[in-house]
>>> print(open('entry29.txt').read())   # compact mmCIF, C-alpha atoms
# COMPACT_ATOMS: atom_id res chain seq x y z
CA MET A 1 161.31 193.69 176.08
CA GLY A 2 157.75 194.46 175.02
CA ARG A 3 155.64 191.84 173.31
CA LYS A 4 154.07 192.10 169.88
CA ASN A 5 150.40 191.79 169.16
CA SER A 6 148.64 190.72 165.98
CA VAL A 7 146.94 193.23 163.71
CA GLY A 8 145.31 193.33 160.31
CA THR A 9 146.95 193.91 156.97
CA ALA A 10 149.33 196.74 156.12
CA ASN A 11 150.38 197.09 159.77
CA GLY A 12 147.70 199.74 160.33
CA LEU A 13 149.09 201.99 157.59
CA PRO A 14 146.99 203.34 154.70
CA ASN A 15 146.98 201.32 151.49
CA GLY A 16 150.12 201.94 149.51
CA GLU A 17 152.22 203.03 152.50
CA ARG A 18 155.00 200.99 154.05
CA ALA A 19 156.46 201.29 157.50
CA GLY A 20 160.17 201.98 157.73
CA GLY A 21 162.44 200.44 160.35
CA ALA A 22 162.16 196.83 161.45
CA ALA A 23 159.54 194.94 159.53
CA ALA A 24 156.71 193.23 161.36
CA GLY A 25 157.37 189.52 161.68
CA SER A 26 161.06 189.92 160.71
CA GLY A 27 162.24 188.87 164.16
CA ALA A 28 164.10 192.14 164.64
CA PRO A 29 163.93 193.30 168.26
CA VAL A 30 161.81 196.29 169.17
CA PRO A 31 163.18 198.99 171.47
CA CYS A 32 163.04 198.60 175.25
CA HIS A 33 163.02 202.31 176.15
CA LEU A 34 161.32 204.63 173.69
CA LEU A 35 161.51 208.42 173.84
CA VAL A 36 158.60 210.23 172.18
CA MET A 37 159.13 213.93 171.44
CA ARG A 38 156.46 216.60 170.93
CA THR A 39 156.86 220.03 172.56
CA SER A 40 154.06 222.06 170.91
CA ALA A 41 151.44 223.08 169.95
CA MET A 42 149.16 222.34 172.89
CA GLY A 43 146.44 220.68 170.82
CA ASP A 44 148.96 218.49 169.01
CA VAL A 45 150.53 217.40 172.30
CA ALA A 46 147.03 216.65 173.64
CA MET A 47 146.48 214.20 170.76
CA LEU A 48 149.60 212.20 171.63
CA PRO A 49 148.10 210.27 174.61
CA HIS A 50 145.65 208.49 172.27
CA ALA A 51 148.57 207.01 170.32
CA LEU A 52 150.52 206.18 173.47
CA ARG A 53 147.48 204.41 174.91
CA ALA A 54 147.49 202.02 171.92
CA LEU A 55 151.26 201.55 172.09
CA THR A 56 151.42 200.77 175.81
CA ALA A 57 148.44 198.42 175.50
CA ALA A 58 150.33 196.44 172.87
CA TYR A 59 153.64 196.58 174.75
CA PRO A 60 152.93 196.72 178.49
CA ASP A 61 156.60 196.14 179.37
CA LEU A 62 157.88 198.94 177.16
CA ARG A 63 159.38 201.91 178.98
CA VAL A 64 158.16 205.18 177.44
CA THR A 65 159.56 208.64 178.14
CA VAL A 66 157.70 211.67 176.77
CA ALA A 67 159.90 214.67 175.95
CA THR A 68 157.64 217.70 176.22
CA GLN A 69 157.05 220.86 178.21
CA ALA A 70 156.41 220.30 181.91
CA MET A 71 153.03 222.06 181.81
CA PHE A 72 151.66 219.38 179.46
CA ARG A 73 152.09 216.51 181.91
CA PRO A 74 148.39 216.47 182.92
CA PHE A 75 147.47 215.44 179.37
CA PHE A 76 149.07 212.05 180.05
CA ALA A 77 147.24 211.25 183.28
CA GLY A 78 146.49 207.54 183.58
CA LEU A 79 149.36 206.50 181.29
CA ASP A 80 152.41 204.73 182.66
CA VAL A 81 155.00 207.00 181.06
CA GLY A 82 157.97 209.01 182.29
CA PHE A 83 158.89 212.54 181.31
CA LEU A 84 161.90 214.42 180.06
CA ASP A 85 161.09 218.09 180.54
CA VAL A 86 161.95 220.33 177.60
CA ASP A 87 162.45 224.04 178.38
CA VAL A 88 161.92 225.52 174.92
CA LYS A 89 162.21 229.09 176.21
CA GLY A 90 165.27 228.51 178.35
CA ALA A 91 167.86 225.74 178.56
CA HIS A 92 166.71 223.97 175.39
CA HIS A 93 165.89 227.00 173.26
CA SER A 94 168.99 226.64 171.08
CA LEU A 95 170.23 223.74 168.98
CA ALA A 96 173.08 223.33 171.44
CA GLY A 97 170.49 222.98 174.17
CA MET A 98 168.84 220.15 172.25
CA TRP A 99 172.17 218.37 171.98
CA ARG A 100 172.52 218.62 175.75
CA LEU A 101 169.00 217.25 176.07
CA ALA A 102 170.02 214.33 173.85
CA ALA A 103 172.93 213.56 176.17
CA GLN A 104 170.49 213.54 179.07
CA ALA A 105 168.21 211.14 177.19
CA ARG A 106 171.10 208.76 176.52
CA ARG A 107 171.93 208.72 180.23
CA LEU A 108 168.35 207.55 180.84
CA GLY A 109 169.00 204.55 178.62
CA VAL A 110 166.79 205.57 175.70
CA ASP A 111 167.34 203.16 172.80
CA ALA A 112 164.94 204.63 170.20
CA VAL A 113 163.39 208.00 169.38
CA ALA A 114 159.94 208.70 167.94
CA ASP A 115 159.94 212.31 166.75
CA VAL A 116 156.26 213.17 166.28
CA HIS A 117 157.05 216.89 165.88
CA ASP A 118 159.70 217.11 163.12
CA VAL A 119 160.79 220.72 163.61
CA LEU A 120 164.29 222.18 163.69
CA ARG A 121 164.82 221.47 167.40
CA SER A 122 163.58 217.89 167.23
CA LYS A 123 165.67 217.28 164.11
CA ALA A 124 168.77 218.40 166.01
CA PHE A 125 167.80 216.13 168.90
CA ARG A 126 167.34 213.04 166.80
CA LEU A 127 170.55 213.73 164.85
CA ALA A 128 172.47 213.83 168.13
CA MET A 129 170.87 210.53 169.11
CA ARG A 130 171.57 208.86 165.77
CA LEU A 131 175.21 209.90 165.86
CA HIS A 132 175.42 207.81 169.03
CA GLY A 133 173.74 204.81 167.43
CA VAL A 134 170.19 205.40 168.67
CA PRO A 135 167.63 204.77 165.90
CA ALA A 136 165.02 207.44 165.26
CA ALA A 137 161.86 207.81 163.20
CA HIS A 138 159.87 210.94 162.50
CA ILE A 139 156.35 211.90 161.52
CA ASP A 140 155.16 212.32 157.96
CA LYS A 141 152.94 215.39 158.24
CA GLY A 142 151.51 214.97 154.76
CA ARG A 143 152.13 218.59 153.82
CA ALA A 144 151.59 218.04 150.09
CA GLY A 145 148.22 216.42 150.73
CA LYS A 146 147.19 219.28 152.99
CA ARG A 147 148.12 221.84 150.34
CA ALA A 148 146.06 219.93 147.79
CA PHE A 149 143.13 219.75 150.22
CA ILE A 150 143.25 223.53 150.72
CA ARG A 151 143.39 224.21 146.99
CA CYS A 152 140.22 222.22 146.25
CA GLY A 153 138.46 222.94 149.53
CA GLY A 154 138.39 219.23 150.25
CA ARG A 155 135.82 218.68 147.53
CA GLY A 156 136.25 215.32 145.87
CA MET A 157 138.93 214.28 148.38
CA GLU A 158 138.88 211.73 151.15
CA PRO A 159 139.76 213.02 154.63
CA LEU A 160 143.49 213.07 155.21
CA ARG A 161 145.10 210.71 157.68
CA HIS A 162 144.34 211.77 161.25
CA THR A 163 147.24 213.19 163.26
CA VAL A 164 146.83 210.53 165.96
CA LEU A 165 147.24 207.83 163.32
CA ARG A 166 150.32 209.60 161.96
CA TYR A 167 151.77 209.37 165.47
CA CYS A 168 151.08 205.64 165.47
CA ASP A 169 152.79 205.33 162.10
CA VAL A 170 156.01 206.69 163.64
CA PHE A 171 155.94 203.90 166.23
CA ARG A 172 155.42 201.38 163.45
CA ARG A 173 158.47 202.66 161.61
CA LEU A 174 160.51 201.66 164.66
CA GLY A 175 159.22 198.10 164.41
CA PHE A 176 156.26 198.23 166.78
CA VAL A 177 153.09 196.45 165.76
CA LEU A 178 149.90 198.02 167.11
CA ASP A 179 146.27 198.62 166.26
CA ASP A 180 144.89 202.08 165.70
CA PRO A 181 143.72 203.42 169.07
CA ALA A 182 140.09 203.27 170.09
CA PRO A 183 138.54 206.54 171.30
CA ALA A 184 138.99 207.35 174.97
CA VAL A 185 136.52 205.91 177.48
CA ARG A 186 134.75 208.17 179.94
CA ARG A 187 135.91 207.63 183.53
CA ASP A 188 135.05 209.19 186.85
CA ARG A 189 137.26 212.13 187.76
CA PRO A 190 137.05 214.56 190.69
CA ASN A 191 134.93 217.65 190.15
CA PRO A 192 136.87 220.81 191.07
CA PHE A 193 133.59 222.76 191.34
CA GLY A 194 131.87 220.49 193.82
CA GLU A 195 128.63 218.59 193.64
CA LYS A 196 126.89 218.73 190.31
CA HIS A 197 123.22 219.63 189.91
CA GLY A 198 121.52 219.77 186.55
CA VAL A 199 123.24 219.93 183.16
CA TRP A 200 126.68 221.53 182.94
CA VAL A 201 128.00 222.86 179.63
CA GLY A 202 131.39 224.26 178.64
CA PHE A 203 132.02 226.91 176.00
CA ALA A 204 135.45 227.60 174.47
CA PRO A 205 135.03 230.33 171.83
CA PHE A 206 138.71 231.26 171.61
CA SER A 207 141.72 230.09 169.66
CA ALA A 208 145.21 231.27 168.86
CA HIS A 209 144.04 232.63 165.49
CA ARG A 210 141.07 234.76 164.51
CA GLY A 211 140.10 232.33 161.76
CA LYS A 212 139.31 229.79 164.49
CA THR A 213 137.75 232.18 167.06
CA TYR A 214 133.97 232.50 167.33
CA PRO A 215 132.82 236.11 166.72
CA GLU A 216 132.25 238.06 169.94
CA GLU A 217 128.62 239.04 169.37
CA GLN A 218 127.71 235.48 168.48
CA SER A 219 129.59 234.27 171.54
CA ARG A 220 127.57 236.61 173.73
CA GLU A 221 124.32 235.32 172.26
CA LEU A 222 125.33 231.68 172.68
CA VAL A 223 126.31 232.26 176.32
CA ARG A 224 122.89 233.83 176.90
CA MET A 225 121.09 230.88 175.31
CA LEU A 226 123.11 228.29 177.22
CA SER A 227 122.77 230.09 180.55
CA GLU A 228 118.99 230.25 180.19
CA ARG A 229 118.66 226.52 179.60
CA TYR A 230 121.37 224.79 181.68
CA GLY A 231 122.40 224.63 185.32
CA ARG A 232 125.93 225.96 184.85
CA VAL A 233 127.99 227.25 181.93
CA PHE A 234 131.79 227.37 182.08
CA ILE A 235 133.79 229.61 179.73
CA HIS A 236 137.24 228.29 178.85
CA GLY A 237 139.92 230.73 177.79
CA GLY A 238 143.15 232.51 178.58
CA GLY A 239 144.07 235.90 179.92
CA GLY A 240 143.77 239.38 178.46
CA ALA A 241 140.76 239.99 176.24
CA GLU A 242 139.59 236.40 176.65
CA GLN A 243 139.53 236.77 180.41
CA ALA A 244 137.74 240.12 180.15
CA PHE A 245 134.99 238.61 177.99
CA ALA A 246 134.54 235.58 180.25
CA GLU A 247 134.38 237.69 183.41
CA GLU A 248 131.85 240.04 181.81
CA MET A 249 129.64 237.03 181.06
CA GLU A 250 130.17 235.82 184.62
CA ARG A 251 128.94 239.16 185.98
CA THR A 252 125.97 239.18 183.60
CA TYR A 253 124.69 235.66 184.24
CA PRO A 254 124.84 234.18 187.77
CA ASN A 255 125.26 230.58 186.55
CA VAL A 256 128.21 231.38 184.24
CA THR A 257 131.77 230.79 185.48
CA ALA A 258 134.94 232.22 183.92
CA LEU A 259 137.59 229.52 184.34
CA TYR A 260 140.78 231.49 183.79
CA GLY A 261 142.77 231.71 187.01
CA LYS A 262 140.49 229.28 188.85
CA VAL A 263 141.96 225.97 187.64
CA ARG A 264 145.13 224.72 185.98
CA PHE A 265 145.29 222.16 183.16
CA ALA A 266 144.68 219.19 185.46
CA GLY A 267 141.68 220.87 187.08
CA GLU A 268 140.30 221.96 183.73
CA MET A 269 140.48 218.38 182.45
CA ASP A 270 138.73 217.16 185.60
CA LEU A 271 135.99 219.71 185.02
CA ILE A 272 135.58 218.82 181.34
CA ALA A 273 135.21 215.17 182.35
CA ASN A 274 132.23 216.19 184.49
CA LEU A 275 130.52 218.30 181.82
CA ASP A 276 127.61 217.03 179.75
CA CYS A 277 128.82 218.79 176.60
CA VAL A 278 131.42 221.32 175.44
CA VAL A 279 131.07 223.78 172.56
CA THR A 280 134.54 224.37 171.14
CA MET A 281 136.38 225.72 168.17
CA ASP A 282 139.30 223.97 166.45
CA SER A 283 141.31 224.43 169.64
CA LEU A 284 142.88 222.80 172.68
CA VAL A 285 139.62 222.31 174.59
CA MET A 286 138.28 220.09 171.79
CA HIS A 287 141.27 217.78 172.27
CA LEU A 288 141.03 217.86 176.05
CA ALA A 289 137.38 216.83 175.78
CA SER A 290 138.32 213.96 173.48
CA LEU A 291 140.89 212.76 176.05
CA VAL A 292 138.17 212.44 178.69
CA ALA A 293 135.41 211.34 176.27
CA THR A 294 133.11 214.31 176.86
CA PRO A 295 130.68 215.05 173.97
CA VAL A 296 131.74 218.00 171.84
CA VAL A 297 129.99 220.42 169.52
CA SER A 298 132.87 221.38 167.23
CA VAL A 299 132.67 224.65 165.28
CA TRP A 300 135.02 225.15 162.31
CA GLY A 301 135.80 228.30 160.36
CA ALA A 302 138.95 228.87 158.34
CA THR A 303 140.23 225.33 158.98
CA HIS A 304 138.68 221.96 158.19
CA PRO A 305 138.35 218.69 160.15
CA GLY A 306 139.24 216.72 157.03
CA LEU A 307 142.84 217.93 157.40
CA GLY A 308 143.35 215.49 160.25
CA PHE A 309 142.96 217.67 163.35
CA LEU A 310 139.45 216.81 164.51
CA GLY A 311 139.43 215.73 168.15
CA TYR A 312 140.09 211.99 168.14
CA GLY A 313 136.81 210.18 168.67
CA VAL A 314 134.73 213.37 168.48
CA SER A 315 131.41 212.47 166.91
CA SER A 316 131.38 213.43 163.25
CA GLY A 317 127.71 214.32 163.62
CA ASN A 318 128.60 217.17 165.96
CA VAL A 319 130.82 219.12 163.55
CA LEU A 320 129.37 222.46 162.40
CA GLN A 321 130.93 224.21 159.42
CA ALA A 322 129.79 226.35 156.49
CA ASP A 323 130.03 225.07 152.93
CA MET A 324 131.80 228.00 151.26
CA ALA A 325 134.06 228.09 148.24
CA CYS A 326 136.66 230.11 150.17
CA ARG A 327 137.19 227.57 152.94
CA PRO A 328 139.25 226.02 154.20
CA CYS A 329 141.74 228.77 153.48
CA SER A 330 144.59 227.47 155.66
CA VAL A 331 145.72 224.47 157.66
CA PHE A 332 146.11 226.33 160.96
CA GLY A 333 143.69 229.25 160.61
CA ASN A 334 146.49 231.82 160.73
CA LYS A 335 145.76 233.55 157.40
CA PRO A 336 143.59 236.68 157.40
CA CYS A 337 140.16 236.39 155.80
CA ARG A 338 140.33 237.40 152.14
CA TYR A 339 137.01 239.25 152.61
CA GLY A 340 137.85 240.66 156.03
CA ASP A 341 134.60 239.53 157.68
CA TYR A 342 135.23 235.85 158.56
CA ARG A 343 131.89 234.94 157.07
CA CYS A 344 132.61 231.23 157.50
CA LEU A 345 132.40 231.66 161.28
CA LYS A 346 129.39 233.97 161.18
CA ALA A 347 127.51 231.41 159.09
CA VAL A 348 127.54 228.98 162.02
CA THR A 349 124.93 230.69 164.18
CA PRO A 350 124.47 230.44 167.96
CA GLU A 351 121.10 228.80 167.31
CA MET A 352 122.80 225.96 165.42
CA ALA A 353 125.26 225.33 168.24
CA ALA A 354 122.58 225.61 170.93
CA ARG A 355 120.34 223.17 169.13
CA ARG A 356 123.11 220.62 168.81
CA VAL A 357 123.89 220.95 172.52
CA ALA A 358 120.22 220.37 173.28
CA GLU A 359 120.21 217.22 171.17
CA ILE A 360 123.33 215.89 172.90
CA THR A 361 122.07 216.61 176.40
CA GLY A 362 118.55 215.37 175.72
CA SER A 363 117.02 218.77 176.40
CA LEU A 364 115.76 219.61 172.92
CA PRO A 365 112.63 221.77 173.29
CA GLU A 366 109.67 221.99 171.03
CA CYS A 367 110.03 224.59 168.29
CA SER A 368 110.40 227.84 170.18
CA GLY A 369 111.69 231.33 169.71
CA SER A 370 114.87 230.62 171.65
CA PHE A 371 115.96 228.11 168.99
CA SER A 372 114.47 229.68 165.87
CA LEU A 373 116.79 230.64 163.07
CA PRO A 374 116.81 234.14 161.62
CA SER A 375 115.34 234.73 158.21
CA SER A 376 118.26 235.55 155.92
CA ARG A 377 119.91 234.37 152.77
CA PRO A 378 120.35 230.59 152.52
CA ILE A 379 123.40 229.17 154.24
CA ARG A 380 124.65 225.66 153.65
CA CYS A 381 126.41 223.79 156.44
CA TRP A 382 128.18 220.45 156.43
CA ILE A 383 127.15 218.33 159.37
CA PHE A 384 129.27 215.19 159.12
CA SER A 385 127.28 212.04 158.41
CA SER A 386 123.99 213.36 159.73
CA VAL A 387 121.08 215.57 158.78
CA ILE A 388 119.51 218.08 161.15
CA SER A 389 115.95 219.29 160.73
CA VAL A 390 115.57 222.91 161.75
CA CYS A 391 112.53 224.14 163.66
CA THR A 392 111.47 227.19 161.71
CA SER A 393 108.51 228.23 159.68
CA THR A 394 110.78 229.37 156.87
CA SER A 395 113.69 227.40 155.45
CA PRO A 396 116.69 229.73 155.53
CA VAL A 397 119.20 226.97 156.27
CA THR A 398 119.93 223.90 154.21
CA ILE A 399 121.71 221.15 156.11
CA LEU A 400 123.75 218.77 154.00
CA SER A 401 124.99 215.30 154.79
CA SER A 402 128.63 214.51 154.07
CA PRO A 403 129.09 210.85 155.05
CA ARG A 404 132.58 210.52 153.56
CA MET A 405 134.10 213.02 155.96
CA ALA A 406 134.16 210.93 159.14
CA ALA A 407 137.85 210.04 159.60
CA VAL A 408 138.00 208.48 163.08
CA PRO A 409 135.67 206.37 165.24
CA ASP A 410 132.99 208.21 167.17
CA ILE A 411 132.76 208.16 170.94
>>> encode(input="entry29.txt", output="structure tokens")
Amino acid sequence: MGRKNSVGTANGLPNGERAGGAAAGSGAPVPCHLLVMRTSAMGDVAMLPHALRALTAAYPDLRVTVATQAMFRPFFAGLDVGFLDVDVKGAHHSLAGMWRLAAQARRLGVDAVADVHDVLRSKAFRLAMRLHGVPAAHIDKGRAGKRAFIRCGGRGMEPLRHTVLRYCDVFRRLGFVLDDPAPAVRRDRPNPFGEKHGVWVGFAPFSAHRGKTYPEEQSRELVRMLSERYGRVFIHGGGGAEQAFAEEMERTYPNVTALYGKVRFAGEMDLIANLDCVVTMDSLVMHLASLVATPVVSVWGATHPGLGFLGYGVSSGNVLQADMACRPCSVFGNKPCRYGDYRCLKAVTPEMAARRVAEITGSLPECSGSFSLPSSRPIRCWIFSSVISVCTSTSPVTILSSPRMAAVPDI
């Protein structure tokens, strides 16, 4: 049986919230074999290891099985956990398939379920487990709070509870007592691209939704700027149009590498761990970078980091987003722009991202043309808890400080 550790007040939960399940200090036993379920989306699965790191640190004897898709196993490297593979497109696509999966979990000796997904499939799974006497707890996604945040654009609101902390809350509802996780620590990992010379930078302009994808022309300009200043630039992305763009950049600039097809998830994480900085959108690569403690420049468009999806431990000072009345317009970035031009993304210029990369990598030049900002109408940007001075003879950009928006510890 795992041991309990001591924590502060409220068992790590926000003021006014109570944990369900066994109460801390009640003497009720905690589970011996916990199954944690999350099968998608990739970024949400990639946030789970932070919570598991805190749980296994508090309960080193606890047996943990992660029920997820097999391709996500590399996210959990370095954690002493087992896996129950979930085939969401095959054997476990149907509700009946989830019931069969539950039978398989019971044969493994699982005595508690932490459902950190709370979708139809996971609900069927935990019902099947509870009917056989296995206790289960599920995540509170805070949907009402997120709707309220969208309606007011986050103005006048505190940041919502981070997703990683919501995962921890599920463990607490099962009787576990644990501290909120600290950000990941950078560790040496093998470099799939050989010996490193100079500064290496990653760029991940893509996302599943257009509202979170950096505009193509701005992406081209940022690749040019990064390739001129740094030893190597790696473009993260998938197949199709993303692959075509990355390979075009690879042909144009000799120090640019298109990653698609060259490495799998494990290799990509190894590479990210060896990068000096990564420029990402609200996407998977941001969360992979947070897992390996690589500095991130995080660009936000239709979505907002205050909704609880900022990479855990990503420095709040490295968030770039435009202060516009129309954003955030959705939680996941899947709604079309009401104006049709995605102006929130265009407002975050390549020069802004390049300058932030230069500050992170210690390569900030004197005021020069390569980092000057175009003369245009004023644009306001929130840079969390910091103020950036812009090298330009005019003042087309006003940078605001928003110190209340930092929701998690910085790396």
>>> closest_residue(input="entry29.txt", among="A:Ala96, A:Asn191, A:Asp80, A:Ile360", to="Val263 of chain A", atoms="all atoms listed in the file")
A:Asn191
>>> residues_around(input="entry29.txt", residues="Arg38 of chain A", least_positions_apart="3", cutoff="9 Å", atoms="only C-alpha atoms", output="list in words")
Ala41, Asp44, Val45, Leu48, Val66, Ala67, Thr68, Gln69, Asp115, Val116, His117, Asp118 and Ser122 of chain A
>>> residues_near_point(input="entry29.txt", point="(138.3, 227.6, 184.3)", cutoff="7 Å", atoms="all atoms listed in the file", output="JSON, numbers by chain")
{"A": [234, 235, 236, 258, 259, 260, 261, 262, 263, 268]}
>>> residues_around(input="entry29.txt", residues="segment 221-230 of chain A", least_positions_apart="2", cutoff="10 Å", atoms="all atoms listed in the file", output="PyMOL selection string")
chain A and resi 197-203+205+216-219+232-235+246+249-250+252-256+279+349-355+357-358+361+363+365+370-371
>>> write_last_selection(input="entry29.txt", atoms="C-alpha atoms", output="compact mmCIF listing (two decimals), in the frame of the given file")
# COMPACT_ATOMS: atom_id res chain seq x y z
CA HIS A 197 123.22 219.63 189.91
CA GLY A 198 121.52 219.77 186.55
CA VAL A 199 123.24 219.93 183.16
CA TRP A 200 126.68 221.53 182.94
CA VAL A 201 128.00 222.86 179.63
CA GLY A 202 131.39 224.26 178.64
CA PHE A 203 132.02 226.91 176.00
CA PRO A 205 135.03 230.33 171.83
CA GLU A 216 132.25 238.06 169.94
CA GLU A 217 128.62 239.04 169.37
CA GLN A 218 127.71 235.48 168.48
CA SER A 219 129.59 234.27 171.54
CA ARG A 232 125.93 225.96 184.85
CA VAL A 233 127.99 227.25 181.93
CA PHE A 234 131.79 227.37 182.08
CA ILE A 235 133.79 229.61 179.73
CA ALA A 246 134.54 235.58 180.25
CA MET A 249 129.64 237.03 181.06
CA GLU A 250 130.17 235.82 184.62
CA THR A 252 125.97 239.18 183.60
CA TYR A 253 124.69 235.66 184.24
CA PRO A 254 124.84 234.18 187.77
CA ASN A 255 125.26 230.58 186.55
CA VAL A 256 128.21 231.38 184.24
CA VAL A 279 131.07 223.78 172.56
CA THR A 349 124.93 230.69 164.18
CA PRO A 350 124.47 230.44 167.96
CA GLU A 351 121.10 228.80 167.31
CA MET A 352 122.80 225.96 165.42
CA ALA A 353 125.26 225.33 168.24
CA ALA A 354 122.58 225.61 170.93
CA ARG A 355 120.34 223.17 169.13
CA VAL A 357 123.89 220.95 172.52
CA ALA A 358 120.22 220.37 173.28
CA THR A 361 122.07 216.61 176.40
CA SER A 363 117.02 218.77 176.40
CA PRO A 365 112.63 221.77 173.29
CA SER A 370 114.87 230.62 171.65
CA PHE A 371 115.96 228.11 168.99
>>> atom_distance(input="entry29.txt", atom1="atom CA of Arg161 of chain A", atom2="atom CA of Gly308 of chain A")
5.7 Å
>>> atom_distance(input="entry29.txt", atom1="atom CA of Ala182 of chain A", atom2="atom CA of Val170 of chain A")
17.5 Å
>>> closest_residue(input="entry29.txt", among="A:His33, A:His138, A:Lys123, A:His93", to="Val64 of chain A", atoms="all atoms listed in the file")
A:His33
>>> closest_residue(input="entry29.txt", among="A:Ala124, A:Val296, A:Cys152, A:Ala112", to="Pro29 of chain A", atoms="only C-alpha atoms")
A:Ala112
>>> atom_distance(input="entry29.txt", atom1="atom CA of Trp300 of chain A", atom2="atom CA of Gly313 of chain A")
16.4 Å
>>> closest_residue(input="entry29.txt", among="A:Met269, A:Pro159, A:Ala325, A:Thr65", to="Asp188 of chain A", atoms="all atoms listed in the file")
A:Met269
>>> closest_residue(input="entry29.txt", among="A:Ala293, A:Val113, A:Leu275, A:Cys32", to="Glu195 of chain A", atoms="only C-alpha atoms")
A:Leu275
>>> residues_around(input="entry29.txt", residues="Lys346 of chain A", least_positions_apart="4", cutoff="9 Å", atoms="all atoms listed in the file", output="PyMOL selection string")
chain A and resi 214-215+218+301+322+341-342
>>> closest_residue(input="entry29.txt", among="A:Ala51, A:Val185, A:Met42, A:Val81", to="Phe265 of chain A", atoms="only C-alpha atoms")
A:Met42
>>> build_atoms(input="entry29.txt", residues="segment 330-348 of chain A", atoms="N, CA and C atoms", output="tab-separated table (two decimals), keeping the file's coordinate frame")
chain	number	residue	atom	x	y	z
A	330	SER	N	143.27	227.77	155.12
A	330	SER	CA	144.59	227.47	155.66
A	330	SER	C	144.51	226.24	156.54
A	331	VAL	N	145.66	225.66	156.82
A	331	VAL	CA	145.72	224.47	157.66
A	331	VAL	C	145.52	224.83	159.12
A	332	PHE	N	146.10	225.97	159.54
A	332	PHE	CA	146.11	226.33	160.96
A	332	PHE	C	145.22	227.51	161.32
A	333	GLY	N	144.57	228.13	160.33
A	333	GLY	CA	143.69	229.25	160.61
A	333	GLY	C	144.41	230.56	160.84
A	334	ASN	N	145.67	230.64	160.44
A	334	ASN	CA	146.49	231.82	160.73
A	334	ASN	C	146.51	232.84	159.59
A	335	LYS	N	145.80	232.58	158.50
A	335	LYS	CA	145.76	233.55	157.40
A	335	LYS	C	144.57	234.47	157.57
A	336	PRO	N	144.73	235.76	157.28
A	336	PRO	CA	143.59	236.68	157.40
A	336	PRO	C	142.53	236.36	156.37
A	337	CYS	N	141.29	236.63	156.71
A	337	CYS	CA	140.16	236.39	155.80
A	337	CYS	C	140.32	237.25	154.55
A	338	ARG	N	140.17	236.65	153.39
A	338	ARG	CA	140.33	237.40	152.14
A	338	ARG	C	139.24	238.47	151.99
A	339	TYR	N	138.10	238.28	152.67
A	339	TYR	CA	137.01	239.25	152.61
A	339	TYR	C	136.99	240.17	153.82
A	340	GLY	N	137.74	239.81	154.84
A	340	GLY	CA	137.85	240.66	156.03
A	340	GLY	C	136.75	240.50	157.04
A	341	ASP	N	135.75	239.61	156.77
A	341	ASP	CA	134.60	239.53	157.68
A	341	ASP	C	134.44	238.16	158.34
A	342	TYR	N	135.30	237.20	157.99
A	342	TYR	CA	135.23	235.85	158.56
A	342	TYR	C	133.81	235.30	158.49
A	343	ARG	N	133.28	235.36	157.29
A	343	ARG	CA	131.89	234.94	157.07
A	343	ARG	C	131.69	233.45	157.34
A	344	CYS	N	132.75	232.66	157.24
A	344	CYS	CA	132.61	231.23	157.50
A	344	CYS	C	132.24	230.96	158.96
A	345	LEU	N	132.74	231.81	159.86
A	345	LEU	CA	132.40	231.66	161.28
A	345	LEU	C	131.02	232.24	161.57
A	346	LYS	N	130.70	233.35	160.95
A	346	LYS	CA	129.39	233.97	161.18
A	346	LYS	C	128.26	233.10	160.66
A	347	ALA	N	128.55	232.26	159.67
A	347	ALA	CA	127.51	231.41	159.09
A	347	ALA	C	127.05	230.33	160.07
A	348	VAL	N	127.92	229.96	161.01
A	348	VAL	CA	127.54	228.98	162.02
A	348	VAL	C	126.93	229.75	163.19
